[in-house]
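Student: Below you will find the structure I want to go over with you.
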Amino acid sequence: MEFQAGRGEWYCALEWARLLGGRRQYEQALQVLAPYIATGWWPAARARAELLEGWGRAQEAIETSRPHTQAGDRLALNFFARLLARHGRAAEAVALLRPGVGDWFIAQALVDVGDAAGRDEDVAALLEARIEAAVPACDDPDCHRLRLEPSNAFDLLATVRERQGHVDEAIALLRRREATSVNGRDALADLLARHGRIGELRAYADSEYHGHAVQSLAEVLEEHGDAEGAIAVYRTFAEKPHGIWRVAHLLSRLLVRHGRVDEAIAVLRALTDAPGGADDCAVDALCALYAEHGRAQEALAHLDALKERRGGEEEWDFFRIRLPLMADCGLLDEVIEQALAHPEGGTWYAAWSLSHLLAEAGRTEEAVTVLEQHPGYNDAVLAHHLIGLGRIKEAVHLLQARPTTAPDPDPRVGTYSNEPPF
């Protein structure tokens, strides 16, 4: 690792510095990072600050990070402000972030450090001013959308008001949002759940389209020991048009947690049997559930039926689901033969799955040969197999190599281009 760190391998340098720090060789650790920091690269400077802070040298971490905030880099500003707040300088952090409140990322940090600084009301006033200054997003008089900066102003102001104990005001703010769900969660639903306002949550879940509110409701019911109630709310939502698409996986996992595997399978079967429901993700989830409970043969039967419905054809995205199932049934050699004979068996994306099967069968040299037929693809997988064969230097060389030519076109997505638009 030390050798590779000196050759310009950043991740090796980072881990080597951490190891040296763990041995209390602090100055040697900083020297490892010095060439990277000298370039002005923020990730290296952040790594140095994190090490210093971890060693109890917070003041040095602050002083060495400060210059990177002067250019206005939002990542540096966010990190530096949180660093200040962790070490009793939250008021300074608020002052630093305040001018950037129009950026959703900076505004999020401002709300977080404002709490530590006891400046919730000041931060709330800033967000309220931004909301009041919002203008319609277009000239259409029927358009109710706002051009709001930061875009998450309602959510952030609701966070502050909830923190202050003004739950009703927080709820009212979240009802004014345009985007109701972020990363699969609905802030209003989660807020109602946190404060035990189940009646309001039920009403919201009944009207909310994405299924995220019903997920919050089901979670809180299950946490309070009402698994039947949680199952019921999912089943009710699943009866809506397209509802099964949004909650089938959640409902199946809930049923499995309560030992109702057959019902969980039936839910996913209903999804894959619905018009347009047999996509590879849904079928994969169903087959994985079968396999987890020792029912690989039933999964294969389902794939056979699906193949028959498609006129006897099975594209690779579905065929690959067969591979671990047949291996579980003791048909490893047979599935390898079928994979090699598949119309897409010679592609780079099939090589990834095929190499794992060959390695599992003790044919790792063949796995390497298959992967080597597609240079530039699956390099990490190929390196893994090389390491298993004791060919460490080859694996390292492979991972360090930089591609000199564009890869072959991917038949699944069209031609390759390194020019925008991608």
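In the structure tokens, each chain is lettered A, B, ... as it comes, each chain's residues begin at 1, and ligands are numbered from 1 in order of appearance.
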Please list as a PDB file with all heavy atoms, in the first residue's frame every residue within 7 Å of Val111 of chain A, counting only C-alpha atoms and excluding residues in the same chain fewer than 3 positions away.

Tutor:
ATOM      1  N   ALA A 107     -28.281  25.492   2.247  1.00  0.00           N
ATOM      2  CA  ALA A 107     -29.401  25.763   3.144  1.00  0.00           C
ATOM      3  C   ALA A 107     -29.629  24.606   4.112  1.00  0.00           C
ATOM      4  O   ALA A 107     -29.958  24.820   5.286  1.00  0.00           O
ATOM      5  CB  ALA A 107     -30.670  26.032   2.330  1.00  0.00           C
ATOM      6  N   GLN A 108     -29.459  23.386   3.631  1.00  0.00           N
ATOM      7  CA  GLN A 108     -29.595  22.232   4.513  1.00  0.00           C
ATOM      8  C   GLN A 108     -28.561  22.287   5.639  1.00  0.00           C
ATOM      9  O   GLN A 108     -28.876  22.044   6.816  1.00  0.00           O
ATOM     10  CB  GLN A 108     -29.414  20.941   3.712  1.00  0.00           C
ATOM     11  CG  GLN A 108     -29.471  19.664   4.541  1.00  0.00           C
ATOM     12  CD  GLN A 108     -30.839  19.400   5.116  1.00  0.00           C
ATOM     13  OE1 GLN A 108     -31.775  19.112   4.387  1.00  0.00           O
ATOM     14  NE2 GLN A 108     -30.969  19.494   6.437  1.00  0.00           N
ATOM     15  N   GLY A 114     -27.607  25.798  12.469  1.00  0.00           N
ATOM     16  CA  GLY A 114     -28.406  26.785  13.193  1.00  0.00           C
ATOM     17  C   GLY A 114     -28.941  26.237  14.494  1.00  0.00           C
ATOM     18  O   GLY A 114     -29.080  26.969  15.488  1.00  0.00           O
ATOM     19  N   ASP A 115     -29.265  24.963  14.507  1.00  0.00           N
ATOM     20  CA  ASP A 115     -29.727  24.317  15.737  1.00  0.00           C
ATOM     21  C   ASP A 115     -28.639  24.366  16.800  1.00  0.00           C
ATOM     22  O   ASP A 115     -28.887  24.744  17.953  1.00  0.00           O
ATOM     23  CB  ASP A 115     -30.126  22.873  15.421  1.00  0.00           C
ATOM     24  CG  ASP A 115     -30.691  22.140  16.628  1.00  0.00           C
ATOM     25  OD1 ASP A 115     -31.293  22.797  17.503  1.00  0.00           O
ATOM     26  OD2 ASP A 115     -30.542  20.903  16.696  1.00  0.00           O
ATOM     27  N   VAL A 123     -32.559  31.613  11.264  1.00  0.00           N
ATOM     28  CA  VAL A 123     -32.574  30.771  10.065  1.00  0.00           C
ATOM     29  C   VAL A 123     -33.984  30.705   9.484  1.00  0.00           C
ATOM     30  O   VAL A 123     -34.178  30.786   8.263  1.00  0.00           O
ATOM     31  CB  VAL A 123     -32.047  29.355  10.396  1.00  0.00           C
ATOM     32  CG1 VAL A 123     -32.239  28.420   9.212  1.00  0.00           C
ATOM     33  CG2 VAL A 123     -30.577  29.419  10.793  1.00  0.00           C
ATOM     34  N   LEU A 156     -37.186  22.616   4.758  1.00  0.00           N
ATOM     35  CA  LEU A 156     -36.230  23.069   5.775  1.00  0.00           C
ATOM     36  C   LEU A 156     -36.905  23.924   6.838  1.00  0.00           C
ATOM     37  O   LEU A 156     -36.618  23.784   8.037  1.00  0.00           O
ATOM     38  CB  LEU A 156     -35.100  23.848   5.109  1.00  0.00           C
ATOM     39  CG  LEU A 156     -34.201  23.040   4.165  1.00  0.00           C
ATOM     40  CD1 LEU A 156     -33.145  23.939   3.544  1.00  0.00           C
ATOM     41  CD2 LEU A 156     -33.545  21.872   4.897  1.00  0.00           C
TER      42      LEU A 156
END

Student: Tell me which protein, DNA and RNA residues are within 10 Å of segment 23-39 of chain A, counting only C-alpha atoms, leaving out same-chain ones fewer than 5 positions away, and put them as a PDB file with all heavy atoms, in the first residue's frame.

Tutor:
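Result file out_22.pdb:
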ATOM      1  N   GLU A   2       1.923   1.227   0.768  1.00  0.00           N
ATOM      2  CA  GLU A   2       2.835   2.375   0.815  1.00  0.00           C
ATOM      3  C   GLU A   2       3.424   2.645  -0.566  1.00  0.00           C
ATOM      4  O   GLU A   2       3.513   3.798  -1.010  1.00  0.00           O
ATOM      5  CB  GLU A   2       3.955   2.108   1.814  1.00  0.00           C
ATOM      6  CG  GLU A   2       4.944   3.250   1.934  1.00  0.00           C
ATOM      7  CD  GLU A   2       6.052   2.949   2.929  1.00  0.00           C
ATOM      8  OE1 GLU A   2       6.181   1.780   3.349  1.00  0.00           O
ATOM      9  OE2 GLU A   2       6.791   3.892   3.271  1.00  0.00           O
ATOM     10  N   ALA A   5       0.777   4.118  -2.853  1.00  0.00           N
ATOM     11  CA  ALA A   5       0.480   5.489  -2.447  1.00  0.00           C
ATOM     12  C   ALA A   5       1.485   6.456  -3.057  1.00  0.00           C
ATOM     13  O   ALA A   5       1.128   7.561  -3.484  1.00  0.00           O
ATOM     14  CB  ALA A   5       0.495   5.601  -0.931  1.00  0.00           C
ATOM     15  N   GLY A   6       2.747   6.033  -3.111  1.00  0.00           N
ATOM     16  CA  GLY A   6       3.788   6.881  -3.675  1.00  0.00           C
ATOM     17  C   GLY A   6       3.731   6.985  -5.182  1.00  0.00           C
ATOM     18  O   GLY A   6       4.349   7.874  -5.775  1.00  0.00           O
ATOM     19  N   GLY A   8       0.937   7.512  -6.814  1.00  0.00           N
ATOM     20  CA  GLY A   8      -0.182   8.334  -7.225  1.00  0.00           C
ATOM     21  C   GLY A   8      -1.537   7.680  -7.103  1.00  0.00           C
ATOM     22  O   GLY A   8      -2.522   8.191  -7.637  1.00  0.00           O
ATOM     23  N   GLU A   9      -1.621   6.542  -6.402  1.00  0.00           N
ATOM     24  CA  GLU A   9      -2.911   5.883  -6.196  1.00  0.00           C
ATOM     25  C   GLU A   9      -3.574   6.495  -4.950  1.00  0.00           C
ATOM     26  O   GLU A   9      -3.190   6.203  -3.816  1.00  0.00           O
ATOM     27  CB  GLU A   9      -2.718   4.375  -6.019  1.00  0.00           C
ATOM     28  CG  GLU A   9      -2.248   3.664  -7.274  1.00  0.00           C
ATOM     29  CD  GLU A   9      -3.320   3.608  -8.345  1.00  0.00           C
ATOM     30  OE1 GLU A   9      -4.508   3.851  -8.023  1.00  0.00           O
ATOM     31  OE2 GLU A   9      -2.975   3.325  -9.506  1.00  0.00           O
ATOM     32  N   TRP A  10      -4.586   7.333  -5.193  1.00  0.00           N
ATOM     33  CA  TRP A  10      -5.178   8.115  -4.114  1.00  0.00           C
ATOM     34  C   TRP A  10      -5.759   7.239  -3.010  1.00  0.00           C
ATOM     35  O   TRP A  10      -5.522   7.485  -1.818  1.00  0.00           O
ATOM     36  CB  TRP A  10      -6.241   9.045  -4.669  1.00  0.00           C
ATOM     37  CG  TRP A  10      -7.183   9.568  -3.620  1.00  0.00           C
ATOM     38  CD1 TRP A  10      -8.514   9.319  -3.500  1.00  0.00           C
ATOM     39  CD2 TRP A  10      -6.843  10.417  -2.516  1.00  0.00           C
ATOM     40  NE1 TRP A  10      -9.047   9.954  -2.401  1.00  0.00           N
ATOM     41  CE2 TRP A  10      -8.034  10.639  -1.770  1.00  0.00           C
ATOM     42  CE3 TRP A  10      -5.663  11.004  -2.076  1.00  0.00           C
ATOM     43  CZ2 TRP A  10      -8.066  11.415  -0.634  1.00  0.00           C
ATOM     44  CZ3 TRP A  10      -5.703  11.789  -0.936  1.00  0.00           C
ATOM     45  CH2 TRP A  10      -6.890  11.992  -0.228  1.00  0.00           C
ATOM     46  N   CYS A  12      -5.071   4.248  -2.104  1.00  0.00           N
ATOM     47  CA  CYS A  12      -3.994   3.609  -1.336  1.00  0.00           C
ATOM     48  C   CYS A  12      -3.345   4.627  -0.394  1.00  0.00           C
ATOM     49  O   CYS A  12      -3.040   4.308   0.761  1.00  0.00           O
ATOM     50  CB  CYS A  12      -2.955   3.014  -2.278  1.00  0.00           C
ATOM     51  SG  CYS A  12      -3.542   1.595  -3.228  1.00  0.00           S
ATOM     52  N   ALA A  13      -3.155   5.834  -0.895  1.00  0.00           N
ATOM     53  CA  ALA A  13      -2.560   6.885  -0.054  1.00  0.00           C
ATOM     54  C   ALA A  13      -3.462   7.185   1.138  1.00  0.00           C
ATOM     55  O   ALA A  13      -2.987   7.336   2.277  1.00  0.00           O
ATOM     56  CB  ALA A  13      -2.334   8.145  -0.881  1.00  0.00           C
ATOM     57  N   LEU A  14      -4.757   7.268   0.894  1.00  0.00           N
ATOM     58  CA  LEU A  14      -5.696   7.575   1.972  1.00  0.00           C
ATOM     59  C   LEU A  14      -5.675   6.489   3.042  1.00  0.00           C
ATOM     60  O   LEU A  14      -5.612   6.776   4.249  1.00  0.00           O
ATOM     61  CB  LEU A  14      -7.099   7.741   1.387  1.00  0.00           C
ATOM     62  CG  LEU A  14      -8.218   8.082   2.372  1.00  0.00           C
ATOM     63  CD1 LEU A  14      -7.905   9.360   3.128  1.00  0.00           C
ATOM     64  CD2 LEU A  14      -9.545   8.210   1.633  1.00  0.00           C
ATOM     65  N   GLU A  15      -5.722   5.240   2.608  1.00  0.00           N
ATOM     66  CA  GLU A  15      -5.718   4.151   3.588  1.00  0.00           C
ATOM     67  C   GLU A  15      -4.378   4.049   4.309  1.00  0.00           C
ATOM     68  O   GLU A  15      -4.328   3.740   5.501  1.00  0.00           O
ATOM     69  CB  GLU A  15      -6.055   2.824   2.903  1.00  0.00           C
ATOM     70  CG  GLU A  15      -7.509   2.698   2.508  1.00  0.00           C
ATOM     71  CD  GLU A  15      -8.443   2.930   3.689  1.00  0.00           C
ATOM     72  OE1 GLU A  15      -8.207   2.353   4.771  1.00  0.00           O
ATOM     73  OE2 GLU A  15      -9.397   3.713   3.541  1.00  0.00           O
ATOM     74  N   TRP A  16      -3.294   4.307   3.596  1.00  0.00           N
ATOM     75  CA  TRP A  16      -1.977   4.272   4.230  1.00  0.00           C
ATOM     76  C   TRP A  16      -1.869   5.372   5.294  1.00  0.00           C
ATOM     77  O   TRP A  16      -1.359   5.146   6.395  1.00  0.00           O
ATOM     78  CB  TRP A  16      -0.893   4.421   3.179  1.00  0.00           C
ATOM     79  CG  TRP A  16       0.522   4.351   3.693  1.00  0.00           C
ATOM     80  CD1 TRP A  16       1.509   5.258   3.514  1.00  0.00           C
ATOM     81  CD2 TRP A  16       1.100   3.290   4.478  1.00  0.00           C
ATOM     82  NE1 TRP A  16       2.664   4.863   4.133  1.00  0.00           N
ATOM     83  CE2 TRP A  16       2.445   3.640   4.734  1.00  0.00           C
ATOM     84  CE3 TRP A  16       0.618   2.090   4.988  1.00  0.00           C
ATOM     85  CZ2 TRP A  16       3.307   2.847   5.475  1.00  0.00           C
ATOM     86  CZ3 TRP A  16       1.485   1.285   5.732  1.00  0.00           C
ATOM     87  CH2 TRP A  16       2.802   1.662   5.962  1.00  0.00           C
ATOM     88  N   ALA A  17      -2.383   6.544   4.986  1.00  0.00           N
ATOM     89  CA  ALA A  17      -2.368   7.635   5.960  1.00  0.00           C
ATOM     90  C   ALA A  17      -3.211   7.274   7.182  1.00  0.00           C
ATOM     91  O   ALA A  17      -2.830   7.561   8.328  1.00  0.00           O
ATOM     92  CB  ALA A  17      -2.891   8.918   5.314  1.00  0.00           C
ATOM     93  N   ARG A  18      -4.361   6.655   6.969  1.00  0.00           N
ATOM     94  CA  ARG A  18      -5.200   6.244   8.101  1.00  0.00           C
ATOM     95  C   ARG A  18      -4.496   5.203   8.965  1.00  0.00           C
ATOM     96  O   ARG A  18      -4.572   5.256  10.203  1.00  0.00           O
ATOM     97  CB  ARG A  18      -6.517   5.691   7.574  1.00  0.00           C
ATOM     98  CG  ARG A  18      -7.469   6.751   7.033  1.00  0.00           C
ATOM     99  CD  ARG A  18      -8.660   6.127   6.348  1.00  0.00           C
ATOM    100  NE  ARG A  18      -9.614   7.136   5.899  1.00  0.00           N
ATOM    101  CZ  ARG A  18     -10.589   6.917   5.030  1.00  0.00           C
ATOM    102  NH1 ARG A  18     -10.746   5.694   4.511  1.00  0.00           N
ATOM    103  NH2 ARG A  18     -11.407   7.886   4.683  1.00  0.00           N
ATOM    104  N   ALA A  44      -8.622  15.736  -1.022  1.00  0.00           N
ATOM    105  CA  ALA A  44      -7.412  15.477  -0.241  1.00  0.00           C
ATOM    106  C   ALA A  44      -7.358  16.374   0.985  1.00  0.00           C
ATOM    107  O   ALA A  44      -6.998  15.937   2.088  1.00  0.00           O
ATOM    108  CB  ALA A  44      -6.174  15.688  -1.110  1.00  0.00           C
ATOM    109  N   ALA A  45      -7.722  17.639   0.802  1.00  0.00           N
ATOM    110  CA  ALA A  45      -7.733  18.558   1.946  1.00  0.00           C
ATOM    111  C   ALA A  45      -8.756  18.124   2.979  1.00  0.00           C
ATOM    112  O   ALA A  45      -8.516  18.204   4.195  1.00  0.00           O
ATOM    113  CB  ALA A  45      -8.044  19.980   1.458  1.00  0.00           C
ATOM    114  N   ARG A  46      -9.906  17.655   2.522  1.00  0.00           N
ATOM    115  CA  ARG A  46     -10.919  17.176   3.456  1.00  0.00           C
ATOM    116  C   ARG A  46     -10.403  15.961   4.227  1.00  0.00           C
ATOM    117  O   ARG A  46     -10.609  15.857   5.438  1.00  0.00           O
ATOM    118  CB  ARG A  46     -12.194  16.826   2.695  1.00  0.00           C
ATOM    119  CG  ARG A  46     -13.215  16.133   3.579  1.00  0.00           C
ATOM    120  CD  ARG A  46     -14.542  15.913   2.906  1.00  0.00           C
ATOM    121  NE  ARG A  46     -15.457  15.215   3.808  1.00  0.00           N
ATOM    122  CZ  ARG A  46     -16.772  15.223   3.689  1.00  0.00           C
ATOM    123  NH1 ARG A  46     -17.336  15.882   2.688  1.00  0.00           N
ATOM    124  NH2 ARG A  46     -17.521  14.573   4.548  1.00  0.00           N
ATOM    125  N   ALA A  47      -9.746  15.050   3.517  1.00  0.00           N
ATOM    126  CA  ALA A  47      -9.212  13.867   4.190  1.00  0.00           C
ATOM    127  C   ALA A  47      -8.219  14.255   5.277  1.00  0.00           C
ATOM    128  O   ALA A  47      -8.217  13.692   6.377  1.00  0.00           O
ATOM    129  CB  ALA A  47      -8.558  12.937   3.167  1.00  0.00           C
ATOM    130  N   ARG A  48      -7.363  15.229   4.979  1.00  0.00           N
ATOM    131  CA  ARG A  48      -6.400  15.700   5.988  1.00  0.00           C
ATOM    132  C   ARG A  48      -7.141  16.285   7.194  1.00  0.00           C
ATOM    133  O   ARG A  48      -6.789  15.988   8.348  1.00  0.00           O
ATOM    134  CB  ARG A  48      -5.483  16.753   5.382  1.00  0.00           C
ATOM    135  CG  ARG A  48      -4.557  17.417   6.406  1.00  0.00           C
ATOM    136  CD  ARG A  48      -3.636  18.434   5.772  1.00  0.00           C
ATOM    137  NE  ARG A  48      -4.398  19.503   5.112  1.00  0.00           N
ATOM    138  CZ  ARG A  48      -3.831  20.501   4.430  1.00  0.00           C
ATOM    139  NH1 ARG A  48      -2.518  20.558   4.300  1.00  0.00           N
ATOM    140  NH2 ARG A  48      -4.575  21.431   3.862  1.00  0.00           N
ATOM    141  N   LEU A  51      -8.635  13.533   9.319  1.00  0.00           N
ATOM    142  CA  LEU A  51      -7.617  12.861  10.120  1.00  0.00           C
ATOM    143  C   LEU A  51      -7.222  13.714  11.314  1.00  0.00           C
ATOM    144  O   LEU A  51      -7.152  13.217  12.456  1.00  0.00           O
ATOM    145  CB  LEU A  51      -6.392  12.553   9.255  1.00  0.00           C
ATOM    146  CG  LEU A  51      -6.542  11.446   8.217  1.00  0.00           C
ATOM    147  CD1 LEU A  51      -5.286  11.355   7.355  1.00  0.00           C
ATOM    148  CD2 LEU A  51      -6.798  10.104   8.890  1.00  0.00           C
ATOM    149  N   LEU A  52      -6.964  14.982  11.077  1.00  0.00           N
ATOM    150  CA  LEU A  52      -6.574  15.876  12.172  1.00  0.00           C
ATOM    151  C   LEU A  52      -7.657  15.933  13.244  1.00  0.00           C
ATOM    152  O   LEU A  52      -7.364  15.873  14.445  1.00  0.00           O
ATOM    153  CB  LEU A  52      -6.294  17.277  11.622  1.00  0.00           C
ATOM    154  CG  LEU A  52      -4.999  17.444  10.808  1.00  0.00           C
ATOM    155  CD1 LEU A  52      -5.009  18.772  10.060  1.00  0.00           C
ATOM    156  CD2 LEU A  52      -3.770  17.350  11.713  1.00  0.00           C
ATOM    157  N   TRP A  55      -7.659  12.919  15.344  1.00  0.00           N
ATOM    158  CA  TRP A  55      -6.511  12.849  16.261  1.00  0.00           C
ATOM    159  C   TRP A  55      -6.620  13.861  17.395  1.00  0.00           C
ATOM    160  O   TRP A  55      -5.689  14.018  18.185  1.00  0.00           O
ATOM    161  CB  TRP A  55      -5.208  13.121  15.498  1.00  0.00           C
ATOM    162  CG  TRP A  55      -4.944  12.162  14.379  1.00  0.00           C
ATOM    163  CD1 TRP A  55      -5.451  10.898  14.221  1.00  0.00           C
ATOM    164  CD2 TRP A  55      -4.116  12.408  13.227  1.00  0.00           C
ATOM    165  NE1 TRP A  55      -4.995  10.359  13.050  1.00  0.00           N
ATOM    166  CE2 TRP A  55      -4.160  11.245  12.423  1.00  0.00           C
ATOM    167  CE3 TRP A  55      -3.339  13.488  12.799  1.00  0.00           C
ATOM    168  CZ2 TRP A  55      -3.471  11.136  11.213  1.00  0.00           C
ATOM    169  CZ3 TRP A  55      -2.650  13.387  11.597  1.00  0.00           C
ATOM    170  CH2 TRP A  55      -2.717  12.217  10.822  1.00  0.00           C
TER     171      TRP A  55
END

Student: Determine, counting only C-alpha atoms, which protein, DNA and RNA residues have an atom within 12 Å of an atom of Leu389 of chain A; residues of the same chain fewer than 5 positions away are not included. Present the result as a list of chain:residue names.

Tutor: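 The filter keeps A:Ala359, A:Gly362, A:Arg363, A:Thr364, A:Glu365, A:Glu366, A:Ala367, A:Val368, A:Leu382, A:Ala383, A:His384, A:Glu394, A:Ala395.
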
Student: Within segment 99-219 of chain A, find each residue whose DSSP state, derived from the backbone, is strand (DSSP E or B), and express the selection as a PyMOL selection string.

Tutor: chain A and resi 135-136+146-147+181-182+185-186

Student: Pull N, CA and C atoms from the residues just selected and write them as a PDB file, in the first residue's frame.

Tutor:
ATOM      1  N   VAL A 135     -41.358  33.433  -7.082  1.00  0.00           N
ATOM      2  CA  VAL A 135     -42.207  33.924  -8.171  1.00  0.00           C
ATOM      3  C   VAL A 135     -42.738  32.729  -8.952  1.00  0.00           C
ATOM      4  N   PRO A 136     -43.826  32.908  -9.718  1.00  0.00           N
ATOM      5  CA  PRO A 136     -44.341  31.796 -10.526  1.00  0.00           C
ATOM      6  C   PRO A 136     -43.283  31.261 -11.479  1.00  0.00           C
ATOM      7  N   LEU A 146     -43.818  27.309  -8.268  1.00  0.00           N
ATOM      8  CA  LEU A 146     -43.012  28.462  -7.887  1.00  0.00           C
ATOM      9  C   LEU A 146     -41.554  28.238  -8.271  1.00  0.00           C
ATOM     10  N   ARG A 147     -40.896  29.322  -8.645  1.00  0.00           N
ATOM     11  CA  ARG A 147     -39.446  29.290  -8.821  1.00  0.00           C
ATOM     12  C   ARG A 147     -38.853  29.668  -7.470  1.00  0.00           C
ATOM     13  N   SER A 181     -41.984  13.801  -2.383  1.00  0.00           N
ATOM     14  CA  SER A 181     -41.142  12.678  -1.976  1.00  0.00           C
ATOM     15  C   SER A 181     -39.703  12.902  -2.421  1.00  0.00           C
ATOM     16  N   VAL A 182     -38.780  12.601  -1.532  1.00  0.00           N
ATOM     17  CA  VAL A 182     -37.352  12.707  -1.826  1.00  0.00           C
ATOM     18  C   VAL A 182     -36.690  11.414  -1.376  1.00  0.00           C
ATOM     19  N   ARG A 185     -38.881   8.841   0.420  1.00  0.00           N
ATOM     20  CA  ARG A 185     -39.515   9.180   1.695  1.00  0.00           C
ATOM     21  C   ARG A 185     -40.350  10.443   1.519  1.00  0.00           C
ATOM     22  N   ASP A 186     -41.431  10.511   2.285  1.00  0.00           N
ATOM     23  CA  ASP A 186     -42.312  11.671   2.273  1.00  0.00           C
ATOM     24  C   ASP A 186     -42.209  12.357   3.634  1.00  0.00           C
TER      25      ASP A 186
END

Student: With only C-alpha atoms as the counted atoms, please give the residues lying no more than 12 Å from His397 of chain A, apart from itself and same-chain residues fewer than 5 positions off, as a ChimeraX atom specification.

Tutor: /A:4,379-380,382-383,386-387,391-392,402

Student: Keeping all heavy atoms, export the residues of the selection given above as a compact mmCIF listing (two decimals), in the first residue's frame.

Tutor:
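Written file, result.txt:
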# COMPACT_ATOMS: atom_id res chain seq x y z
N GLN A 4 2.16 1.83 -3.56
CA GLN A 4 1.15 2.35 -4.48
C GLN A 4 0.77 3.79 -4.14
O GLN A 4 0.47 4.59 -5.02
CB GLN A 4 -0.09 1.45 -4.45
CG GLN A 4 0.14 0.02 -4.92
CD GLN A 4 0.59 -0.04 -6.37
OE1 GLN A 4 0.38 0.89 -7.14
NE2 GLN A 4 1.22 -1.14 -6.74
N ASP A 379 -13.45 -5.23 -15.30
CA ASP A 379 -12.05 -5.34 -14.84
C ASP A 379 -11.97 -5.72 -13.37
O ASP A 379 -11.08 -6.49 -12.97
CB ASP A 379 -11.32 -4.03 -15.08
CG ASP A 379 -10.97 -3.82 -16.55
OD1 ASP A 379 -11.11 -4.78 -17.34
OD2 ASP A 379 -10.58 -2.70 -16.92
N ALA A 380 -12.87 -5.19 -12.55
CA ALA A 380 -12.83 -5.52 -11.13
C ALA A 380 -13.12 -7.00 -10.90
O ALA A 380 -12.51 -7.64 -10.04
CB ALA A 380 -13.83 -4.66 -10.36
N LEU A 382 -12.60 -9.44 -13.13
CA LEU A 382 -11.43 -10.17 -13.62
C LEU A 382 -10.30 -10.12 -12.60
O LEU A 382 -9.64 -11.14 -12.33
CB LEU A 382 -10.99 -9.56 -14.95
CG LEU A 382 -9.71 -10.15 -15.58
CD1 LEU A 382 -9.81 -11.66 -15.73
CD2 LEU A 382 -9.44 -9.49 -16.94
N ALA A 383 -10.07 -8.96 -12.01
CA ALA A 383 -9.01 -8.84 -11.00
C ALA A 383 -9.29 -9.75 -9.81
O ALA A 383 -8.37 -10.38 -9.26
CB ALA A 383 -8.88 -7.39 -10.54
N LEU A 386 -8.30 -13.19 -10.79
CA LEU A 386 -6.84 -13.29 -10.86
C LEU A 386 -6.22 -13.41 -9.47
O LEU A 386 -5.30 -14.20 -9.26
CB LEU A 386 -6.28 -12.06 -11.60
CG LEU A 386 -6.55 -11.99 -13.11
CD1 LEU A 386 -6.15 -10.63 -13.65
CD2 LEU A 386 -5.79 -13.11 -13.84
N ILE A 387 -6.74 -12.63 -8.54
CA ILE A 387 -6.24 -12.72 -7.17
C ILE A 387 -6.48 -14.11 -6.60
O ILE A 387 -5.63 -14.68 -5.92
CB ILE A 387 -6.91 -11.63 -6.30
CG1 ILE A 387 -6.44 -10.24 -6.73
CG2 ILE A 387 -6.61 -11.85 -4.82
CD1 ILE A 387 -7.22 -9.10 -6.13
N ARG A 391 -2.48 -14.56 -8.96
CA ARG A 391 -1.82 -13.72 -9.97
C ARG A 391 -2.00 -12.24 -9.57
O ARG A 391 -2.65 -11.46 -10.25
CB ARG A 391 -2.41 -14.03 -11.35
CG ARG A 391 -2.09 -15.46 -11.78
CD ARG A 391 -3.02 -16.01 -12.85
NE ARG A 391 -2.98 -15.27 -14.10
CZ ARG A 391 -3.69 -15.62 -15.18
NH1 ARG A 391 -4.46 -16.70 -15.14
NH2 ARG A 391 -3.62 -14.90 -16.28
N ILE A 392 -1.41 -11.91 -8.45
CA ILE A 392 -1.65 -10.60 -7.83
C ILE A 392 -1.14 -9.46 -8.70
O ILE A 392 -1.83 -8.45 -8.89
CB ILE A 392 -0.99 -10.53 -6.44
CG1 ILE A 392 -1.34 -11.76 -5.60
CG2 ILE A 392 -1.36 -9.24 -5.74
CD1 ILE A 392 -2.81 -11.92 -5.33
N ARG A 402 -5.15 2.36 -17.78
CA ARG A 402 -6.10 3.34 -18.24
C ARG A 402 -6.51 2.98 -19.67
O ARG A 402 -5.66 2.69 -20.51
CB ARG A 402 -5.50 4.75 -18.22
CG ARG A 402 -5.06 5.19 -16.84
CD ARG A 402 -6.25 5.40 -15.92
NE ARG A 402 -5.85 5.90 -14.62
CZ ARG A 402 -5.63 5.14 -13.57
NH1 ARG A 402 -5.76 3.83 -13.67
NH2 ARG A 402 -5.28 5.68 -12.42

Student: For Pro150 of chain A, which residue out of A:Gly100, A:Gly346, A:Gly165, A:Gly54 is the nearest one, using only C-alpha atoms?

Tutor: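 Closest to Pro150 of chain A of all the choices is A:Gly100.
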
Student: So what do you get for atom CA of Tyr290 of chain A versus atom CA of Ser355 of chain A, distance-wise?

Tutor: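 Result for atom CA of Tyr290 of chain A versus atom CA of Ser355 of chain A: 23.9 Å, one decimal.
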
Student: Given only C-alpha atoms as the basis, pick out the residue of A:Leu357, A:Cys138, A:Ala305, A:Leu127 nearest to Met326 of chain A.

Tutor: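 Of A:Leu357, A:Cys138, A:Ala305, A:Leu127, the one nearest Met326 of chain A, counting only C-alpha atoms, is A:Leu357.
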
Student: Taking only C-alpha atoms into account, name the residue in A:Leu286, A:Ala58, A:Val113, A:Leu254 that is nearest to Glu92 of chain A.

Tutor: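 Between A:Leu286, A:Ala58, A:Val113, A:Leu254, the residue approaching Glu92 of chain A most closely is A:Val113.
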
Student: Calculate how many Å separate atom CA of Asp328 of chain A from atom CA of Glu344 of chain A, rounding to one decimal.

Tutor: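 That distance, rounded to one decimal, is 22.6 Å.
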
Student: Residues of segment 76-240 of chain A classed as alpha helix (DSSP H) by DSSP on the backbone are to be reported as a ChimeraX atom specification.

Tutor: /A:76-86,90-97,104-117,120-132,153-163,167-174,187-194,198-207,212-223,227-238

Student: Which distance in Å separates atom CA of Leu398 of chain A and atom CA of Gly376 of chain A, to one decimal?

Tutor: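 Computing the Euclidean distance for atom CA of Leu398 of chain A and atom CA of Gly376 of chain A yields 9.3 Å.
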